[in-house]
Amino acid sequence: MGRRARISRRATSRASAMATPGTSPKTRKKPFVLITGVPGTGKTTLADALAERVGAERLDVGALARSEGFHGVYDAEMDTHELAEEALLDRMEEMLASSEERGVGCVVDYHSCELFPERWFDRVCALTCVEQTATLYERLSDRGYSEKKIRENVECDIFQVVVEEAKDSFENVTVRSNATLDDMEETVRELAEWCENFKRGE
Ligand code: ADP
Ligand code: MN
């Protein structure tokens with residue numbers, strides 16, 4: 001079964017199992033935007049700036065997973081934590097449905113995206129530093145990542161792994177270089193304009 005089929009099947013079963021309806025693009029007044037990309041590409045910084053610009057709420061999925069305990073056992077081999085995915089997705093749906101109910105938009109950021117149902121996001125922006133690989137290397141090094149983890153992430157960016165994942169999982173995807181502050185400003189301006197012109201059904 002393809003990834004898309006897998007996602008939509010799961011999304012359907014989850015939605016039907018829920019007592020309250022989840023979020024739907026048909027009833028959303030303000031858009032939900034997902035910022036994705038390899039760690040260090042600047043998702044959180046850009047998502048904060050965009051949310052502030054358009055008055056949207058913010059959902060930093062990595063931070064949510066850490067603060068609400070959706071990270072399980074530490075995997076030393078992979079230097080990462082297992083993720084309680086279904087529980088995290090249920091919690092996110094609750095938060096997104098609440099934003100929708102209150103008529104506000106939301107800017108979400110996470111380093112992966114294939115786990116999210118397509119109906120959650122009206123627009124997806126994948127960030128990359130592929131044109132300035134040394135920049136990504138420095139950012140991850142400043143963060144104290146191990147040499148192995150830095151290399152893996154830089155390779156992921158070079159091979160556009162998250163970009164391809166986004167294109168495979170969503171329709172409305174744009175890919176933007178985010179190596180400099182000018183890059184970020186340009187992307188925030190572009191996405192903010194799109195958010196402000198967002199109308200249901202377009
Ligand atoms: P992510 O959430 O993708 O892991 P962050 O937003 O935490 O990335 O950014 C990682 C680091 O890079 C931070 O120190 C941040 O200040 C810096 N940074 C982010 N975006 C840019 C940019 N467009 N230009 C220069 N530095 C940036
Ligand atoms: Mn982040």
# chains A, B, ... in the order shown; residues from 1 in each chain; ligands from 1
call {"tool": "residues_near_ligand", "arguments": {"ligand": "ligand 1", "cutoff": "7 Å", "atoms": "only C-alpha atoms and all ligand atoms", "output": "short mmCIF file (atom, residue, chain, number, x, y, z; two decimals) with N, CA and C atoms, in the first residue's frame"}}
result
data_model
loop_
_atom_site.label_atom_id
_atom_site.label_comp_id
_atom_site.auth_asym_id
_atom_site.auth_seq_id
_atom_site.Cartn_x
_atom_site.Cartn_y
_atom_site.Cartn_z
N GLY A 37 11.26 20.63 6.94
CA GLY A 37 12.67 20.68 6.53
C GLY A 37 13.52 19.98 7.57
N VAL A 38 14.73 19.70 7.17
CA VAL A 38 15.70 19.02 8.04
C VAL A 38 15.96 19.90 9.28
N PRO A 39 16.26 19.31 10.45
CA PRO A 39 16.62 20.12 11.62
C PRO A 39 17.71 21.14 11.26
N GLY A 40 17.53 22.37 11.73
CA GLY A 40 18.52 23.42 11.49
C GLY A 40 18.24 24.27 10.26
N THR A 41 17.25 23.91 9.45
CA THR A 41 16.96 24.71 8.26
C THR A 41 16.22 26.01 8.62
N GLY A 42 15.83 26.14 9.88
CA GLY A 42 15.24 27.41 10.33
C GLY A 42 13.72 27.41 10.41
N LYS A 43 13.12 26.24 10.56
CA LYS A 43 11.65 26.13 10.60
C LYS A 43 11.03 26.93 11.74
N THR A 44 11.56 26.72 12.96
CA THR A 44 10.94 27.34 14.14
C THR A 44 11.04 28.86 14.06
N THR A 45 12.20 29.36 13.65
CA THR A 45 12.41 30.81 13.54
C THR A 45 11.45 31.40 12.51
N LEU A 46 11.37 30.75 11.36
CA LEU A 46 10.51 31.27 10.29
C LEU A 46 9.03 31.15 10.66
N ARG A 139 25.04 25.56 11.98
CA ARG A 139 23.87 25.67 12.87
C ARG A 139 23.74 24.43 13.74
N ASN A 178 16.66 28.69 2.75
CA ASN A 178 16.57 29.48 3.98
C ASN A 178 17.94 29.58 4.65
N ALA A 179 18.94 29.98 3.86
CA ALA A 179 20.30 30.07 4.39
C ALA A 179 20.58 31.43 5.03
N THR A 180 19.89 32.47 4.56
CA THR A 180 20.18 33.82 5.06
C THR A 180 18.91 34.48 5.61
N LEU A 181 19.11 35.57 6.36
CA LEU A 181 17.96 36.30 6.89
C LEU A 181 17.13 36.92 5.77
N ASP A 182 17.79 37.30 4.68
CA ASP A 182 17.06 37.81 3.51
C ASP A 182 16.15 36.74 2.93
N ASP A 183 16.66 35.51 2.86
CA ASP A 183 15.83 34.38 2.39
C ASP A 183 14.57 34.27 3.24
N MET A 184 14.78 34.31 4.56
CA MET A 184 13.65 34.14 5.48
C MET A 184 12.63 35.26 5.32
#
call {"tool": "residues_around", "arguments": {"residues": "stretch 58-70 of chain A", "least_positions_apart": "6", "cutoff": "12 Å", "atoms": "only C-alpha atoms", "output": "PyMOL selection string"}}
result
chain A and resi 32-36+39+43-52+81-96+99+104-113+115-116
call {"tool": "residues_around", "arguments": {"residues": "A:Ile150", "least_positions_apart": "6", "cutoff": "12 Å", "atoms": "only C-alpha atoms", "output": "PyMOL selection string"}}
result
chain A and resi 38-40+79+133-144+156-157
call {"tool": "select_by_dssp", "arguments": {"residues": "stretch 36-145 of chain A", "states": "strand (DSSP E)", "output": "list of chain:residue names"}}
result
A:Thr36, A:Glu57, A:Arg58, A:Leu59, A:Asp60, A:His71, A:Gly72, A:Val73, A:Tyr74, A:Asp75, A:Thr80, A:His81, A:Glu82, A:Leu83, A:Cys106, A:Val107, A:Val108, A:Asp109, A:Tyr110, A:Arg123, A:Val124, A:Cys125, A:Ala126, A:Leu127, A:Thr128
call {"tool": "write_last_selection", "arguments": {"atoms": "C-alpha atoms", "output": "PDB file, in the first residue's frame"}}
result
ATOM      1  CA  THR A  36       8.994  21.441   7.222  1.00  0.00           C
ATOM      2  CA  GLU A  57      -1.297  30.472  16.476  1.00  0.00           C
ATOM      3  CA  ARG A  58       1.869  28.399  16.637  1.00  0.00           C
ATOM      4  CA  LEU A  59       2.402  24.692  17.009  1.00  0.00           C
ATOM      5  CA  ASP A  60       6.016  23.556  17.293  1.00  0.00           C
ATOM      6  CA  HIS A  71       8.955  11.057  23.125  1.00  0.00           C
ATOM      7  CA  GLY A  72       9.474   7.514  24.313  1.00  0.00           C
ATOM      8  CA  VAL A  73      12.581   5.444  24.715  1.00  0.00           C
ATOM      9  CA  TYR A  74      15.938   6.900  23.660  1.00  0.00           C
ATOM     10  CA  ASP A  75      17.505   4.953  20.786  1.00  0.00           C
ATOM     11  CA  THR A  80      17.016   9.918  18.666  1.00  0.00           C
ATOM     12  CA  HIS A  81      13.838   9.239  20.622  1.00  0.00           C
ATOM     13  CA  GLU A  82      11.029   6.946  19.590  1.00  0.00           C
ATOM     14  CA  LEU A  83       7.803   8.807  18.994  1.00  0.00           C
ATOM     15  CA  CYS A 106      -2.049  28.087  12.759  1.00  0.00           C
ATOM     16  CA  VAL A 107       1.577  27.758  11.707  1.00  0.00           C
ATOM     17  CA  VAL A 108       2.955  24.301  12.477  1.00  0.00           C
ATOM     18  CA  ASP A 109       6.583  23.193  12.173  1.00  0.00           C
ATOM     19  CA  TYR A 110       8.164  19.755  12.195  1.00  0.00           C
ATOM     20  CA  ARG A 123      -0.113  25.140   2.396  1.00  0.00           C
ATOM     21  CA  VAL A 124       3.217  23.436   3.026  1.00  0.00           C
ATOM     22  CA  CYS A 125       6.614  25.126   2.788  1.00  0.00           C
ATOM     23  CA  ALA A 126       9.743  22.966   2.814  1.00  0.00           C
ATOM     24  CA  LEU A 127      12.941  24.774   3.798  1.00  0.00           C
ATOM     25  CA  THR A 128      16.420  23.842   2.623  1.00  0.00           C
TER      26      THR A 128
END
